[in-house]
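Shown next: my_file-v2.txt, given as compact mmCIF, C-alpha atoms.
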# COMPACT_ATOMS: atom_id res chain seq x y z
CA MET A 788 72.82 107.49 94.84
CA THR A 789 75.70 105.20 95.81
CA GLU A 790 76.30 103.65 99.21
CA ASN A 791 79.11 106.14 99.73
CA SER A 792 76.78 109.02 98.97
CA ASP A 793 74.33 107.71 101.53
CA ALA A 794 77.09 107.61 104.09
CA ASN A 795 78.07 111.18 103.37
CA GLY A 796 74.48 112.33 103.49
CA GLU A 797 73.93 110.78 106.91
CA GLN A 798 76.79 112.81 108.28
CA ASN A 799 76.11 116.29 106.95
CA GLY A 800 73.04 116.11 104.73
CA THR A 801 74.92 117.46 101.72
CA ALA A 802 77.43 116.33 99.13
CA VAL A 803 79.64 119.37 99.73
CA PRO A 804 83.08 118.22 100.99
CA ALA A 805 84.17 119.31 104.44
CA PRO A 806 86.90 121.98 104.57
CA ARG A 807 90.41 120.62 105.01
CA ASP A 808 91.83 123.62 106.87
CA THR A 809 90.41 122.54 110.23
CA GLY A 810 90.91 119.48 112.41
CA GLY A 811 93.63 117.85 110.34
CA ASP A 812 97.41 117.48 110.22
CA VAL A 813 99.23 120.59 109.00
CA ILE A 814 102.06 119.49 106.69
CA ARG A 815 103.00 122.73 104.95
CA VAL A 816 102.42 126.47 104.77
CA ARG A 817 102.54 128.00 101.31
CA LYS A 818 103.21 131.69 100.77
CA GLY A 819 102.67 133.97 97.80
CA MET A 820 100.84 131.37 95.73
CA PHE A 821 97.48 131.11 94.04
CA GLY A 822 94.50 129.66 95.92
CA ALA A 823 93.26 132.45 98.17
CA ASN A 824 90.11 131.61 100.11
CA ASN A 825 90.00 134.42 102.65
CA GLY A 826 89.76 137.33 100.26
CA GLY A 827 89.51 138.49 96.68
CA ASP A 828 93.23 138.59 95.88
CA THR A 829 93.98 135.63 93.61
CA SER A 830 96.92 137.29 91.86
CA GLY A 831 99.52 135.50 93.98
CA TYR A 832 101.30 138.79 94.76
CA GLY A 833 99.38 139.87 97.84
CA GLY A 834 101.31 138.05 100.53
CA LEU A 835 99.02 135.05 100.45
CA VAL A 836 99.53 132.47 103.18
CA ARG A 837 97.83 129.09 102.78
CA THR A 838 97.99 126.18 105.20
CA ILE A 839 98.12 122.71 103.63
CA THR A 840 96.27 120.26 105.85
CA LEU A 841 95.65 116.53 105.58
CA PRO A 842 92.23 115.27 106.71
CA GLY A 843 92.00 114.50 110.41
CA ALA A 844 90.55 111.44 112.10
CA ALA A 845 86.78 111.05 111.81
CA SER A 846 84.51 110.42 114.78
CA ARG A 847 81.72 107.88 114.94
CA PRO A 848 79.21 107.35 113.54
CA TYR A 849 80.92 107.41 110.17
CA GLY A 850 77.63 106.81 108.36
CA GLY A 851 76.21 104.09 106.12
CA TRP A 852 78.24 100.89 105.73
CA PHE A 853 81.44 102.60 106.90
CA ASP A 854 80.61 101.74 110.52
CA GLU A 855 79.83 98.14 109.57
CA VAL A 856 83.23 97.70 107.93
CA ALA A 857 85.07 99.40 110.80
CA ASP A 858 83.26 97.32 113.42
CA GLU A 859 83.90 94.06 111.59
CA LEU A 860 87.57 94.84 111.03
CA GLU A 861 88.15 95.80 114.66
CA GLY A 862 86.30 92.71 115.89
CA ALA A 863 88.24 90.41 113.58
CA LEU A 864 91.56 91.86 114.77
CA GLU A 865 90.55 91.40 118.41
CA GLU A 866 89.80 87.74 117.68
CA GLN A 867 93.42 87.45 116.53
CA ASP A 868 94.63 89.01 119.80
CA LEU A 869 95.62 92.24 118.06
CA LEU A 870 94.42 95.43 119.71
CA PRO A 871 92.72 97.49 116.96
CA SER A 872 94.20 100.74 118.28
CA ASN A 873 97.69 99.30 117.78
CA ALA A 874 97.01 98.42 114.14
CA ILE A 875 94.71 101.27 113.07
CA GLU A 876 96.38 104.62 113.68
CA LYS A 877 93.33 106.59 112.60
CA THR A 878 90.19 106.28 110.50
CA VAL A 879 89.43 109.07 108.03
CA VAL A 880 86.13 109.77 106.28
CA ASP A 881 86.77 112.44 103.69
CA ARG A 882 85.35 113.22 100.25
CA ASP A 883 82.82 110.44 100.71
CA GLU A 884 85.60 107.85 101.08
CA LEU A 885 86.80 105.63 103.93
CA THR A 886 90.51 105.32 104.71
CA PHE A 887 92.20 103.28 107.43
CA HIS A 888 95.69 104.48 108.36
CA ILE A 889 97.57 101.31 109.33
CA ALA A 890 100.79 100.87 111.30
CA ARG A 891 103.25 99.31 108.87
CA GLU A 892 104.20 96.44 111.17
CA HIS A 893 100.56 95.26 111.13
CA LEU A 894 99.82 95.89 107.44
CA VAL A 895 100.03 92.26 106.33
CA GLN A 896 97.71 91.01 109.08
CA VAL A 897 95.16 93.76 108.44
CA ALA A 898 95.20 93.17 104.67
CA ARG A 899 94.77 89.41 105.10
CA THR A 900 91.86 90.00 107.48
CA LEU A 901 90.18 92.38 105.04
CA ARG A 902 90.53 89.79 102.27
CA ASP A 903 89.49 86.66 104.16
CA ASP A 904 86.83 87.74 106.66
CA PRO A 905 83.40 86.73 105.22
CA ALA A 906 81.80 90.01 106.31
CA LEU A 907 84.54 92.07 104.65
CA ARG A 908 85.78 90.17 101.59
CA PHE A 909 87.97 92.83 99.99
CA GLU A 910 89.27 90.37 97.43
CA LEU A 911 90.93 92.81 95.04
CA CYS A 912 93.66 95.39 95.48
CA THR A 913 93.60 97.62 92.42
CA GLY A 914 97.06 99.00 93.11
CA VAL A 915 99.37 100.84 95.46
CA SER A 916 100.29 104.50 94.99
CA GLY A 917 103.28 106.29 96.47
CA VAL A 918 103.04 109.79 97.97
CA HIS A 919 105.80 112.03 99.31
CA PHE A 920 104.93 114.73 101.88
CA LEU A 921 108.09 116.63 102.76
CA GLY A 922 106.34 118.40 105.61
CA ASP A 923 104.95 115.27 107.25
CA LYS A 924 107.98 114.87 109.50
CA GLY A 925 108.82 111.31 110.53
CA ARG A 926 106.36 109.85 108.01
CA GLU A 927 107.23 111.55 104.76
CA LEU A 928 106.57 108.54 102.53
CA HIS A 929 103.06 107.12 102.19
CA ALA A 930 101.80 104.00 100.42
CA VAL A 931 98.10 104.06 99.53
CA TYR A 932 96.21 100.84 98.73
CA HIS A 933 92.81 100.76 97.04
CA LEU A 934 90.79 97.69 98.06
CA ARG A 935 87.58 96.58 96.41
CA SER A 936 85.06 94.05 97.67
CA LEU A 937 83.49 92.31 94.69
CA THR A 938 81.22 90.40 97.07
CA HIS A 939 79.75 93.45 98.80
CA GLY A 940 80.34 96.13 96.15
CA ARG A 941 82.45 98.36 98.39
CA LEU A 942 85.65 100.35 98.03
CA ILE A 943 88.00 101.42 100.84
CA ARG A 944 91.55 102.65 101.16
CA LEU A 945 94.50 101.69 103.35
CA GLU A 946 97.31 104.16 103.95
CA VAL A 947 100.70 103.33 105.48
CA SER A 948 103.53 105.74 106.23
CA ALA A 949 107.29 105.45 106.68
CA PRO A 950 110.05 108.01 107.29
CA ASP A 951 112.53 109.01 104.58
CA SER A 952 115.27 107.58 106.79
CA ASP A 953 113.62 104.12 106.94
CA PRO A 954 111.45 103.67 103.84
CA HIS A 955 110.51 100.04 104.52
CA ILE A 956 106.94 98.68 104.19
CA PRO A 957 105.91 94.99 104.08
CA SER A 958 105.03 93.67 100.63
CA LEU A 959 101.44 92.54 100.02
CA VAL A 960 102.21 90.48 96.92
CA GLU A 961 101.60 87.27 98.87
CA ILE A 962 98.06 88.44 99.67
CA TYR A 963 97.33 90.48 96.53
CA PRO A 964 99.49 89.14 93.65
CA THR A 965 98.39 92.03 91.41
CA ASN A 966 100.53 94.32 93.58
CA ASP A 967 103.72 92.85 92.10
CA TRP A 968 104.34 95.51 89.44
CA HIS A 969 102.57 98.27 91.39
CA GLU A 970 105.03 97.86 94.28
CA ARG A 971 107.93 97.90 91.83
CA GLU A 972 106.64 101.16 90.37
CA ALA A 973 106.28 102.77 93.83
CA TYR A 974 109.81 101.62 94.61
CA ASP A 975 111.13 102.94 91.30
CA PHE A 976 109.61 106.41 91.61
CA PHE A 977 109.44 106.99 95.39
CA GLY A 978 112.09 104.70 96.89
CA LEU A 979 109.61 102.78 99.03
CA VAL A 980 111.20 99.42 99.87
CA PHE A 981 108.61 96.64 100.01
CA ASP A 982 110.14 93.97 102.22
CA GLY A 983 109.38 90.45 101.00
CA HIS A 984 108.70 91.40 97.39
CA PRO A 985 109.82 88.53 95.10
CA ALA A 986 111.89 90.76 92.77
CA LEU A 987 111.99 94.42 93.80
CA THR A 988 113.73 96.01 90.80
CA ARG A 989 113.11 99.16 88.82
CA ILE A 990 110.31 98.90 86.30
CA MET A 991 110.46 102.19 84.36
CA MET A 992 113.84 103.81 84.98
CA PRO A 993 117.22 102.29 83.98
CA ASP A 994 118.75 99.97 86.56
CA ASP A 995 121.59 102.38 87.36
CA TRP A 996 119.38 105.46 87.73
CA GLN A 997 120.19 107.57 90.77
CA GLY A 998 117.35 108.87 92.93
CA PHE A 999 113.57 108.58 92.80
CA PRO A 1000 111.96 110.95 90.26
CA GLN A 1001 108.56 111.50 91.92
CA ARG A 1002 109.85 112.58 95.30
CA LYS A 1003 109.16 116.22 96.05
CA ASP A 1004 112.85 116.95 96.66
CA TYR A 1005 113.98 115.40 93.37
CA PRO A 1006 115.77 117.99 91.15
CA LEU A 1007 113.82 119.13 88.11
CA GLY A 1008 115.77 119.12 84.86
CA GLY A 1009 119.48 119.29 84.27
CA ILE A 1010 120.02 115.52 84.16
CA ALA A 1011 121.52 114.20 80.96
CA VAL A 1012 120.04 110.96 79.59
CA GLU A 1013 122.08 109.15 77.00
CA TYR A 1014 121.05 105.82 75.47
CA LYS A 1015 123.42 105.75 72.47
CA GLY A 1016 125.72 102.77 72.55
CA ALA A 1017 123.61 100.94 75.13
CA GLN A 1018 124.11 97.19 75.19
CA ILE A 1019 121.11 94.88 75.56
CA PRO A 1020 122.05 91.61 77.32
CA ALA A 1021 121.31 88.26 75.69
CA PRO A 1022 118.05 86.63 76.84
CA ASP A 1023 119.84 84.14 79.08
CA GLN A 1024 121.72 86.98 80.80
CA ARG A 1025 118.79 89.23 81.53
CA ARG A 1026 117.27 89.71 84.95
CA SER A 1027 114.96 87.02 86.23
CA TYR A 1028 111.63 87.88 87.84
CA SER A 1029 110.77 84.38 89.01

Rewrite the coordinates I just gave you, this time as structure tokens.
Amino acid sequence: MTENSDANGEQNGTAVPAPRDTGGDVIRVRKGMFGANNGGDTSGYGGLVRTITLPGAASRPYGGWFDEVADELEGALEEQDLLPSNAIEKTVVDRDELTFHIAREHLVQVARTLRDDPALRFELCTGVSGVHFLGDKGRELHAVYHLRSLTHGRLIRLEVSAPDSDPHIPSLVEIYPTNDWHEREAYDFFGLVFDGHPALTRIMMPDDWQGFPQRKDYPLGGIAVEYKGAQIPAPDQRRSYS
């Protein structure tokens, strides 16, 4: 049994995930779709109504080493004269995983603290993923960071949100250099702008591509792609990433 499993067991004595339809943030209501859980009609034609809910904030004790990490992080931020409640919007324990939702203006300081504090030592960020929730009004775009402590053998997640109208999030390349291409990919597909990135350019789509293909409101199909006659610049005229 892993440390995470121990933490989950301390809370509810079982590995069964908690239901997501209570105590969380409602972001969407689906109608007439598959996924009934209040009856036997799974045909999708019975007027099904399903509420889509994000996990809500957890209450202490979180269980296992989750409390140790939360306590150390909050204490380290206080030592830097940053009120933890200003930096950590909420703490979620869901599916046996620990997630800190961080205010974007404090992301860099929190990430540096998680990396450098001897009791935390989350030395590695394995990547950043973009998410687009159309129904999460005022915070439709989310960036999710997966941090691993090689010293303590732990894994946590940071989540930061931004509105569609202001999709700016501080870059963490200075703290976690491996985020360089991951941030470019999140920018390319979701339109998240990572302020301070050394060369925030598209990484998969052509430079002149319009829109961000993995957003939920991106049109599906009907877009012509033509590469015939494309000109490849000479090496000394190509983009520089340094």

For range 929-936 of chain A, work out the shell of residues within 6 Å, counting all atoms listed in the file and skipping chain neighbours fewer than 6 positions away, then give it as a PyMOL selection string.
chain A and resi 908-918+942-948

Could you tell me how far CA of Leu979 in chain A sits from CA of Asp812 in chain A, in Å to one decimal place?
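So the two atoms, CA of Asp812 in chain A and CA of Leu979 in chain A, lie 22.1 Å apart.
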
Nearest to His919 in chain A among A:Asp951, A:Asp881, A:Asp904, A:Glu866, with distances taken over only C-alpha atoms: which residue is it?
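Among the listed residues, A:Asp951 lies closest to His919 in chain A.
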
For a test of reading the model, state the distance in Å between CA of Ile889 in chain A and CA of Phe977 in chain A, rounded to one decimal.
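Straight-line distance from CA of Ile889 in chain A to CA of Phe977 in chain A works out to 19.2 Å.
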
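Once Phe920 in chain A and its same-chain neighbours fewer than 6 positions away are set aside, A:Ile814, A:Arg926, A:Glu927, A:Leu928, A:His929, A:Lys1003 remain within 8 Å of it when counting all atoms listed in the file.
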
Save out the residues we just selected, C-alpha atoms, as a short mmCIF file (atom, residue, chain, number, x, y, z; two decimals), in the frame of the given file.
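Output contents, as saved in out_6.cif:
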data_model
loop_
_atom_site.label_atom_id
_atom_site.label_comp_id
_atom_site.auth_asym_id
_atom_site.auth_seq_id
_atom_site.Cartn_x
_atom_site.Cartn_y
_atom_site.Cartn_z
CA ILE A 814 102.06 119.49 106.69
CA ARG A 926 106.36 109.85 108.01
CA GLU A 927 107.23 111.55 104.76
CA LEU A 928 106.57 108.54 102.53
CA HIS A 929 103.06 107.12 102.19
CA LYS A 1003 109.16 116.22 96.05
#

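Between CA of Arg971 in chain A and CA of Thr988 in chain A lies a distance of 6.2 Å.
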
As JSON: centre and edge lengths in Å, one decimal, of the axis-aligned box holding range 815-818 of chain A with 6 Å per side:
{"center_x": 102.8, "center_y": 127.2, "center_z": 102.9, "size_x": 12.8, "size_y": 21.0, "size_z": 16.2}

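Among the candidates A:Val856, A:Gln1001, A:Val980, A:Leu841, the one nearest to Leu901 in chain A when counting all atoms listed in the file is A:Val856.
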
Using all atoms listed in the file, which residues sit within 9 Å of range 995-998 of chain A once same-chain residues fewer than 2 positions away are excluded, as a PyMOL selection string?
chain A and resi 975-978+989+992-993+1000+1002+1005

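Minimum distance to Phe999 in chain A across A:Glu972, A:Asp967, A:His893, A:Leu987 (counting only C-alpha atoms) occurs at A:Glu972.
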
Residues near Asp858 in chain A, anyone? I mean within 12 Å using all atoms listed in the file, not counting same-chain ones fewer than 6 positions away, as a PyMOL selection string.
chain A and resi 847-849+852+864-865+871+878+901+906-907
